[in-house]
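Enquirer: Here you go, query-v9.tsv (TSV, C-alpha atoms):
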chain	number	residue	atom	x	y	z
A	1	MET	CA	204.79	-23.51	-151.60
A	2	THR	CA	207.85	-22.05	-153.38
A	3	SER	CA	209.08	-18.81	-151.88
A	4	GLU	CA	209.71	-17.00	-155.16
A	5	HIS	CA	207.13	-14.48	-156.18
A	6	TRP	CA	205.78	-14.51	-159.69
A	7	THR	CA	207.52	-12.24	-162.17
A	8	GLU	CA	205.57	-9.69	-164.19
A	9	GLU	CA	206.22	-11.80	-167.26
A	10	ARG	CA	204.56	-14.81	-165.69
A	11	LEU	CA	201.67	-12.76	-164.38
A	12	LEU	CA	201.00	-11.47	-167.89
A	13	ASP	CA	201.17	-14.96	-169.35
A	14	HIS	CA	198.73	-16.10	-166.69
A	15	LEU	CA	196.43	-13.14	-167.32
A	16	TYR	CA	196.14	-14.09	-170.98
A	17	GLY	CA	195.68	-17.78	-170.24
A	18	LEU	CA	199.04	-19.09	-171.39
A	19	ILE	CA	200.00	-20.59	-168.04
A	20	ASP	CA	197.92	-21.92	-165.20
A	21	ALA	CA	198.09	-20.84	-161.59
A	22	ASP	CA	200.40	-22.85	-159.38
A	23	GLU	CA	200.45	-23.47	-155.63
A	24	HIS	CA	202.42	-20.32	-154.99
A	25	LEU	CA	199.98	-18.05	-156.80
A	26	ALA	CA	197.07	-19.65	-154.99
A	27	ALA	CA	198.66	-19.31	-151.55
A	28	CYS	CA	200.72	-16.13	-151.81
A	29	GLN	CA	198.73	-13.06	-150.80
A	30	GLU	CA	201.02	-10.65	-152.62
A	31	CYS	CA	201.08	-12.53	-155.93
A	32	SER	CA	197.36	-13.23	-155.95
A	33	THR	CA	196.66	-9.55	-155.25
A	34	ARG	CA	198.90	-8.53	-158.14
A	35	ALA	CA	197.20	-11.04	-160.42
A	36	ALA	CA	193.78	-9.76	-159.40
A	37	ALA	CA	194.87	-6.16	-160.04
A	38	LEU	CA	195.96	-7.05	-163.56
A	39	SER	CA	192.70	-8.81	-164.20
A	40	LEU	CA	190.75	-5.76	-163.04
A	41	ARG	CA	192.76	-3.45	-165.26
A	42	ARG	CA	192.19	-5.64	-168.25
A	43	THR	CA	188.46	-5.75	-167.55
A	44	LEU	CA	188.32	-1.97	-167.32
A	45	ALA	CA	190.41	-1.56	-170.44
A	46	ALA	CA	188.22	-3.95	-172.38
A	47	ALA	CA	184.99	-2.24	-171.35
A	48	PRO	CA	183.05	-1.53	-174.55
A	49	PRO	CA	182.65	2.07	-175.69
A	50	GLU	CA	179.21	3.60	-175.95
A	51	ILE	CA	177.66	2.97	-179.33
A	52	PRO	CA	174.75	5.37	-179.94
A	53	ASP	CA	171.47	3.75	-180.93
A	54	ASP	CA	171.01	6.12	-183.86
A	55	PHE	CA	174.38	5.02	-185.25
A	56	LEU	CA	173.28	1.39	-185.10
A	57	ALA	CA	169.92	2.25	-186.66
A	58	ALA	CA	171.63	4.08	-189.52
A	59	GLN	CA	173.94	1.14	-190.00
A	60	ARG	CA	170.96	-1.22	-190.22
A	61	ARG	CA	169.35	1.04	-192.81
A	62	ARG	CA	172.48	0.89	-194.93
A	63	ILE	CA	172.61	-2.88	-194.63
A	64	HIS	CA	168.97	-3.12	-195.74
A	65	GLU	CA	169.67	-0.80	-198.66
A	66	ARG	CA	172.53	-3.02	-199.74
A	67	ILE	CA	170.41	-6.12	-199.32
A	68	GLY	CA	167.61	-4.55	-201.31
A	69	SER	CA	169.71	-3.44	-204.22
A	70	PRO	CA	172.95	-5.38	-204.45
A	71	ARG	CA	172.86	-5.35	-208.24
A	72	ARG	CA	172.05	-1.67	-208.53
A	73	ALA	CA	174.95	-0.92	-206.26
A	74	TRP	CA	177.37	-2.52	-208.64
A	75	HIS	CA	175.99	-2.14	-212.12
A	76	PRO	CA	176.44	1.61	-212.66
A	77	LEU	CA	180.05	1.26	-211.65
A	78	ARG	CA	180.61	-1.62	-214.02
A	79	TRP	CA	178.94	0.26	-216.85
A	80	ALA	CA	181.00	3.35	-216.13
A	81	VAL	CA	184.24	1.37	-216.17
A	82	SER	CA	183.26	-0.39	-219.39
A	83	ALA	CA	182.25	2.88	-221.06
A	84	MET	CA	185.53	4.50	-220.04
A	85	ALA	CA	187.49	1.54	-221.38
A	86	VAL	CA	185.69	1.72	-224.75
A	87	LEU	CA	186.22	5.47	-224.89
A	88	ALA	CA	189.92	5.03	-224.16
A	89	ILE	CA	190.25	2.44	-226.95
A	90	VAL	CA	188.43	4.66	-229.48
A	91	LEU	CA	190.53	7.67	-228.52
A	92	GLY	CA	193.70	5.64	-228.73
A	93	LEU	CA	192.81	4.31	-232.16
A	94	SER	CA	191.88	7.73	-233.50
A	95	LEU	CA	195.13	9.21	-232.22
A	96	TYR	CA	197.08	6.33	-233.70
A	97	ARG	CA	195.46	6.86	-237.08
A	98	SER	CA	195.92	10.61	-237.06
A	99	ASN	CA	199.67	10.33	-236.40
A	100	PRO	CA	200.68	8.62	-239.68
A	101	ALA	CA	198.95	11.44	-241.59
A	102	VAL	CA	201.49	13.82	-240.15
A	103	THR	CA	204.46	11.72	-241.15
A	104	PRO	CA	204.19	12.22	-244.95
A	105	SER	CA	204.15	15.97	-244.55
A	106	HIS	CA	207.33	15.69	-242.52
A	107	ASP	CA	208.82	13.46	-245.22
A	108	ASP	CA	207.71	15.85	-247.95
A	109	GLN	CA	209.29	18.72	-246.14
A	110	PHE	CA	212.45	16.72	-245.66
A	111	PHE	CA	212.71	15.76	-249.36
A	112	THR	CA	211.99	19.34	-250.38
A	113	GLU	CA	214.81	20.56	-248.21
A	114	ILE	CA	217.17	17.93	-249.61
A	115	SER	CA	216.18	18.86	-253.11
A	116	THR	CA	216.70	22.57	-252.41
A	117	MET	CA	220.07	21.86	-250.91
A	118	ALA	CA	221.07	19.83	-253.94
A	119	GLN	CA	219.97	22.56	-256.36
A	120	THR	CA	221.37	25.57	-254.58
A	121	SER	CA	224.77	26.90	-255.49
A	122	ALA	CA	225.23	28.87	-252.30
A	123	PRO	CA	227.89	27.72	-249.86
A	124	ARG	CA	226.69	25.34	-247.18
A	125	ALA	CA	227.63	27.76	-244.41
A	126	VAL	CA	225.06	30.37	-245.50
A	127	GLN	CA	222.18	27.93	-245.89
A	128	PRO	CA	220.76	28.47	-242.38
A	129	ILE	CA	220.58	32.21	-242.99
A	130	GLU	CA	218.88	31.66	-246.33
A	131	ALA	CA	216.45	29.28	-244.75
A	132	LEU	CA	215.51	31.87	-242.18
A	133	VAL	CA	214.88	34.44	-244.88
A	134	GLN	CA	212.90	31.90	-246.89
A	135	ASP	CA	210.73	31.02	-243.88
A	136	ASP	CA	209.98	34.66	-243.22
A	137	THR	CA	208.88	35.31	-246.77
A	138	GLU	CA	206.71	32.21	-246.81
A	139	GLU	CA	204.93	33.31	-243.67
B	1	MET	CA	166.46	-18.47	-182.52
B	2	ALA	CA	163.07	-18.58	-184.12
B	3	PHE	CA	163.96	-17.80	-187.67
B	4	MET	CA	166.83	-20.28	-187.64
B	5	ALA	CA	164.42	-22.99	-186.62
B	6	GLU	CA	162.15	-21.99	-189.46
B	7	ARG	CA	164.98	-22.34	-191.90
B	8	LEU	CA	164.65	-26.09	-191.62
B	9	ASP	CA	161.09	-25.89	-192.92
B	10	LEU	CA	162.02	-23.48	-195.65
B	11	ALA	CA	164.44	-25.79	-197.41
B	12	ALA	CA	162.34	-25.79	-200.56
B	13	ALA	CA	161.85	-22.02	-200.49
B	14	PRO	CA	165.24	-20.82	-199.30
B	15	ALA	CA	164.67	-17.09	-199.02
B	16	VAL	CA	164.75	-15.85	-195.43
B	17	SER	CA	162.42	-12.94	-194.86
B	18	THR	CA	163.92	-9.55	-194.35
B	19	ARG	CA	161.95	-9.15	-191.12
B	20	GLU	CA	163.38	-12.34	-189.62
B	21	PHE	CA	166.84	-11.38	-190.68
B	22	SER	CA	166.38	-7.90	-189.30
B	23	SER	CA	165.35	-9.07	-185.84
B	24	TRP	CA	168.34	-11.39	-185.70
B	25	MET	CA	170.62	-8.59	-186.88
B	26	VAL	CA	169.38	-6.25	-184.14
B	27	ALA	CA	170.34	-8.87	-181.57
B	28	GLU	CA	173.85	-9.38	-182.96
B	29	GLN	CA	174.73	-6.05	-184.53
B	30	LYS	CA	176.28	-4.22	-181.58
B	31	ARG	CA	178.47	-7.15	-180.61
B	32	ILE	CA	179.65	-7.62	-184.18
B	33	PHE	CA	180.33	-3.92	-184.67
B	34	LEU	CA	182.37	-3.85	-181.44
B	35	LEU	CA	184.37	-6.85	-182.57
B	36	CYS	CA	185.11	-5.17	-185.91
B	37	LEU	CA	185.96	-1.91	-184.17
B	38	ARG	CA	188.39	-3.63	-181.84
B	39	MET	CA	190.03	-5.58	-184.63
B	40	LEU	CA	190.29	-2.71	-187.07
B	41	GLN	CA	190.64	0.20	-184.62
B	42	ASP	CA	188.86	2.42	-187.12
B	43	ARG	CA	185.21	3.36	-186.75
B	44	GLU	CA	184.43	3.88	-190.44
B	45	GLU	CA	186.15	0.69	-191.47
B	46	ALA	CA	184.44	-1.22	-188.68
B	47	ASP	CA	181.10	0.15	-189.87
B	48	SER	CA	181.80	-0.99	-193.39
B	49	ALA	CA	183.06	-4.42	-192.24
B	50	THR	CA	179.93	-4.92	-190.13
B	51	GLN	CA	177.74	-4.15	-193.12
B	52	ASP	CA	179.75	-6.54	-195.27
B	53	ALA	CA	179.46	-9.30	-192.67
B	54	PHE	CA	175.68	-9.05	-192.41
B	55	LEU	CA	175.31	-8.76	-196.16
B	56	LYS	CA	177.35	-11.95	-196.61
B	57	ALA	CA	175.23	-13.63	-193.95
B	58	PHE	CA	172.01	-12.63	-195.69
B	59	GLN	CA	173.28	-13.78	-199.08
B	60	PHE	CA	174.36	-17.12	-197.61
B	61	MET	CA	171.01	-17.65	-195.94
B	62	ASN	CA	169.24	-17.02	-199.23
B	63	LYS	CA	171.38	-19.42	-201.19
B	64	ALA	CA	169.45	-22.43	-202.35
B	65	GLY	CA	170.38	-25.46	-200.29
B	66	SER	CA	172.10	-23.54	-197.52
B	67	LYS	CA	172.10	-25.65	-194.39
B	68	GLU	CA	170.67	-24.91	-190.98
B	69	LEU	CA	173.19	-23.28	-188.68
B	70	ASP	CA	173.86	-24.78	-185.28
B	71	ASP	CA	175.08	-21.57	-183.71
B	72	PRO	CA	174.23	-18.44	-185.71
B	73	GLY	CA	176.02	-16.20	-183.19
B	74	LYS	CA	179.28	-18.04	-183.63
B	75	TRP	CA	178.73	-18.18	-187.37
B	76	ILE	CA	178.30	-14.42	-187.80
B	77	THR	CA	181.29	-13.88	-185.49
B	78	ARG	CA	183.40	-16.03	-187.81
B	79	ILE	CA	182.18	-14.11	-190.85
B	80	ALA	CA	183.02	-10.81	-189.16
B	81	ILE	CA	186.49	-12.00	-188.15
B	82	ASN	CA	187.25	-13.18	-191.68
B	83	THR	CA	185.98	-9.90	-193.11
B	84	CYS	CA	188.27	-8.00	-190.74
B	85	LEU	CA	191.21	-10.29	-191.54
B	86	ASP	CA	190.75	-9.58	-195.26
B	87	ARG	CA	190.75	-5.87	-194.56
B	88	LEU	CA	193.81	-6.08	-192.33
B	89	ARG	CA	195.69	-8.03	-194.99
B	90	SER	CA	194.83	-5.44	-197.62
B	91	ARG	CA	196.15	-2.70	-195.32
B	92	LYS	CA	199.68	-3.81	-196.10
B	93	TRP	CA	199.33	-2.03	-199.43
B	94	GLN	CA	197.68	1.07	-198.03
B	95	LEU	CA	200.80	3.07	-197.42
B	96	TRP	CA	198.82	6.28	-197.06
B	97	ARG	CA	197.12	5.08	-193.90
B	98	ARG	CA	197.58	7.45	-191.01
B	99	ARG	CA	200.11	6.38	-188.41
B	100	PRO	CA	199.66	7.16	-184.72
B	101	ALA	CA	200.99	10.57	-183.78
B	102	PRO	CA	204.16	10.09	-181.72
B	103	GLU	CA	203.43	13.16	-179.60
B	104	ASP	CA	200.13	11.62	-178.45
B	105	GLU	CA	201.92	8.49	-177.37
B	106	ALA	CA	204.50	10.54	-175.48
B	107	ILE	CA	201.73	12.33	-173.57
B	108	ILE	CA	200.16	9.01	-172.64
B	109	LEU	CA	203.48	7.62	-171.48
B	110	GLU	CA	204.03	10.62	-169.26
B	111	MET	CA	200.91	9.74	-167.31
B	112	GLU	CA	202.28	7.50	-164.60
B	113	PRO	CA	199.60	5.37	-162.98
B	114	SER	CA	198.94	5.60	-159.29
B	115	THR	CA	199.24	2.65	-156.98
B	116	GLN	CA	195.72	3.38	-155.72
B	117	PRO	CA	193.65	0.53	-157.11
B	118	ALA	CA	190.14	1.85	-157.68
B	119	ALA	CA	189.81	5.36	-159.11
B	120	ASP	CA	193.09	5.52	-160.93
B	121	ASP	CA	192.48	2.19	-162.54
B	122	ARG	CA	189.79	3.89	-164.57
B	123	VAL	CA	192.23	6.52	-165.78
B	124	PHE	CA	194.65	3.76	-166.43
B	125	ALA	CA	192.07	1.86	-168.45
B	126	GLY	CA	191.84	4.80	-170.84
B	127	GLN	CA	195.58	4.70	-171.33
B	128	ILE	CA	195.47	0.98	-171.96
B	129	LYS	CA	192.83	1.41	-174.62
B	130	VAL	CA	194.70	4.09	-176.51
B	131	ARG	CA	198.12	2.53	-176.32
B	132	LEU	CA	197.02	-1.00	-177.05
B	133	GLY	CA	194.90	0.14	-179.96
B	134	ARG	CA	197.97	1.68	-181.51
B	135	ALA	CA	200.27	-1.16	-180.63
B	136	LEU	CA	198.02	-3.60	-182.51
B	137	ASP	CA	199.57	-2.30	-185.72
B	138	LYS	CA	202.69	-4.27	-184.78
B	139	LEU	CA	200.81	-7.55	-185.07
B	140	SER	CA	200.04	-9.77	-188.00
B	141	PRO	CA	196.32	-9.97	-188.85
B	142	ARG	CA	195.99	-13.39	-187.23
B	143	GLN	CA	197.86	-12.36	-184.09
B	144	ARG	CA	195.60	-9.35	-183.94
B	145	ALA	CA	192.51	-11.52	-184.16
B	146	VAL	CA	193.75	-13.83	-181.41
B	147	PHE	CA	194.66	-10.95	-179.12
B	148	THR	CA	191.38	-9.12	-179.75
B	149	LEU	CA	189.32	-12.18	-178.92
B	150	ARG	CA	191.36	-12.88	-175.79
B	151	HIS	CA	191.97	-9.39	-174.45
B	152	TYR	CA	188.75	-7.60	-175.35
B	153	GLU	CA	186.22	-10.39	-175.61
B	154	ASN	CA	187.77	-12.55	-172.88
B	155	ARG	CA	187.19	-15.68	-174.93
B	156	SER	CA	188.85	-18.90	-173.92
B	157	LEU	CA	191.69	-20.24	-176.01
B	158	ASP	CA	189.46	-23.14	-177.08
B	159	GLU	CA	186.80	-20.75	-178.34
B	160	ILE	CA	189.39	-18.70	-180.20
B	161	ALA	CA	190.74	-21.82	-181.83
B	162	GLU	CA	187.25	-22.79	-182.97
B	163	LEU	CA	186.40	-19.32	-184.29
B	164	LEU	CA	189.62	-19.01	-186.24
B	165	GLY	CA	189.73	-22.61	-187.38
B	166	LEU	CA	193.09	-23.21	-185.72
B	167	ASP	CA	194.33	-25.80	-183.26
B	168	ILE	CA	194.87	-24.76	-179.67
B	169	GLY	CA	198.65	-25.01	-179.97
B	170	THR	CA	198.69	-22.51	-182.83
B	171	VAL	CA	196.48	-20.13	-180.87
B	172	LYS	CA	198.84	-20.34	-177.89
B	173	MET	CA	201.81	-19.72	-180.15
B	174	HIS	CA	200.14	-16.63	-181.67
B	175	LEU	CA	199.20	-15.33	-178.26
B	176	PHE	CA	202.66	-15.96	-176.84
B	177	ARG	CA	204.29	-14.09	-179.71
B	178	THR	CA	201.75	-11.30	-179.43
B	179	ILE	CA	202.42	-10.80	-175.74
B	180	ARG	CA	206.14	-10.72	-176.43
B	181	LYS	CA	205.62	-8.20	-179.25
B	182	LEU	CA	203.46	-6.02	-177.02
B	183	ARG	CA	205.75	-6.57	-174.05
B	184	LEU	CA	206.74	-2.95	-173.67
B	185	GLU	CA	203.22	-1.63	-173.98
B	186	LEU	CA	201.74	-4.23	-171.68
B	187	HIS	CA	204.37	-3.66	-169.00
B	188	ASP	CA	203.98	0.09	-169.22
B	189	LEU	CA	200.27	-0.18	-169.02
B	190	TYR	CA	199.82	-2.90	-166.44
B	191	PHE	CA	202.78	-2.15	-164.21
B	192	GLY	CA	203.05	1.58	-164.84
B	193	LYS	CA	206.67	1.87	-165.80
B	194	ARG	CA	208.57	3.32	-168.70
B	195	HIS	CA	210.21	1.07	-171.27
B	196	SER	CA	213.49	0.73	-169.44
B	197	GLY	CA	212.03	-0.45	-166.15
B	198	ILE	CA	210.89	-3.98	-166.85
B	199	ARG	CA	211.37	-6.06	-163.76
B	200	GLN	CA	211.93	-9.75	-164.11
Mind converting the file's structure to structure tokens?
Expert:
Amino acid sequence: MTSEHWTEERLLDHLYGLIDADEHLAACQECSTRAAALSLRRTLAAAPPEIPDDFLAAQRRRIHERIGSPRRAWHPLRWAVSAMAVLAIVLGLSLYRSNPAVTPSHDDQFFTEISTMAQTSAPRAVQPIEALVQDDTEE
Amino acid sequence: MAFMAERLDLAAAPAVSTREFSSWMVAEQKRIFLLCLRMLQDREEADSATQDAFLKAFQFMNKAGSKELDDPGKWITRIAINTCLDRLRSRKWQLWRRRPAPEDEAIILEMEPSTQPAADDRVFAGQIKVRLGRALDKLSPRQRAVFTLRHYENRSLDEIAELLGLDIGTVKMHLFRTIRKLRLELHDLYFGKRHSGIRQ
């Protein structure tokens, strides 16, 4: 038997099955006691928690519901997603079509302003003031 | 298992009855839920994974031409493990998932274990559960599966290899790396010391 005691590292490796016991571990009282203590702690730590019966029963009910209606569980969602996609496309198209209608009015306004500027004899510097007055009267 | 034996006779009419399935599920459900709970460390997710596993099992059994199963217990275990692995892999993208509170961990670390073997071991076991559960987040999904099957279910390395579809060498490698990754936690928990006091 070797005189060296097992390190904690080796005891852990042995506890999890990575290395086998050797002669020392089998014969050494101290090392075998330490190994047994680790094993006990792991057993206690791995003890399963209490699972209430009513929780398990409820879980079974849910499983049966899903078994009974797998299609119904999915179809409403699929339909909802499809309907939303169609709605989004229709909305997008209608918005896209309504935008160009605005553009000509902007262009008209722009050409009107250019035309006014070309026809007016007032100095360029007073045009903003005139425009303000013009806007007020139009409103 | 009675209904599994009947499956052989039902090859032409593949649907397994809900009653047969239900009685089998009752026998396996708690074990499968515990496995999912230990792998996922989240009760709601484990509940959902357990449901998924049994639903997949039922759908498979009702597939036309599905073969008789040699070991239904092992088979549903494998389904549950794969379901949990899928969920663990998808967690990588769930950045909003709650992380363990550092103050809780500090409180646990402050609780030094006694050298008295019997009574304090039970207190110690509670610490092991909490700390290890949190430390599992450090592991890859496969390492987590290997460690769960070894630590909590006390399965042999051969069994783990079979359940995960790996060779024994790969299982040992995963377990070795896992133990090294959890080195601090395992030493604290098994030998009752703080991080700095690891004796070689």
Enquirer: Report the distance between CA of Lys129 (chain B) and CA of Met39 (chain B) in Å, rounded to one decimal place.
Expert: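 Taking CA of Lys129 (chain B) and CA of Met39 (chain B), their separation equals 12.5 Å.
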Enquirer: Taking only C-alpha atoms into account, which of A:Ala85, A:Asp20, A:Gly68, A:Leu25 comes nearest Thr7 (chain A)?
Expert: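 The answer is A:Leu25, which sits nearest to Thr7 (chain A).
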Enquirer: Kindly provide, as a PyMOL selection string, the residues of chain A having any atom no farther than 10 Å from an atom of chain B, counting only C-alpha atoms.
Expert: chain A and resi 6-10+12-13+15-19+34+37-53+55-57+59-64+66-68+70
Enquirer: Got a sec: who's within 7 Å of region 71-78 of chain B, counting only C-alpha atoms, leaving out chain neighbours fewer than 2 positions off, as a list in words?
Expert: Ile32, Ala57, Leu69, Ala80, Ile81, Asn82 and Leu163 of chain B
Enquirer: Take CA of Arg142 (chain B) and CA of Leu88 (chain B) and report the distance between them in Å, one decimal.
Expert: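 These atoms are spaced 9.2 Å apart.
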Enquirer: One decimal, Å: what's the distance from CA of Gln143 (chain B) over to CA of Ile168 (chain B), could you say?
Expert: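 So the two atoms, CA of Gln143 (chain B) and CA of Ile168 (chain B), lie 13.5 Å apart.
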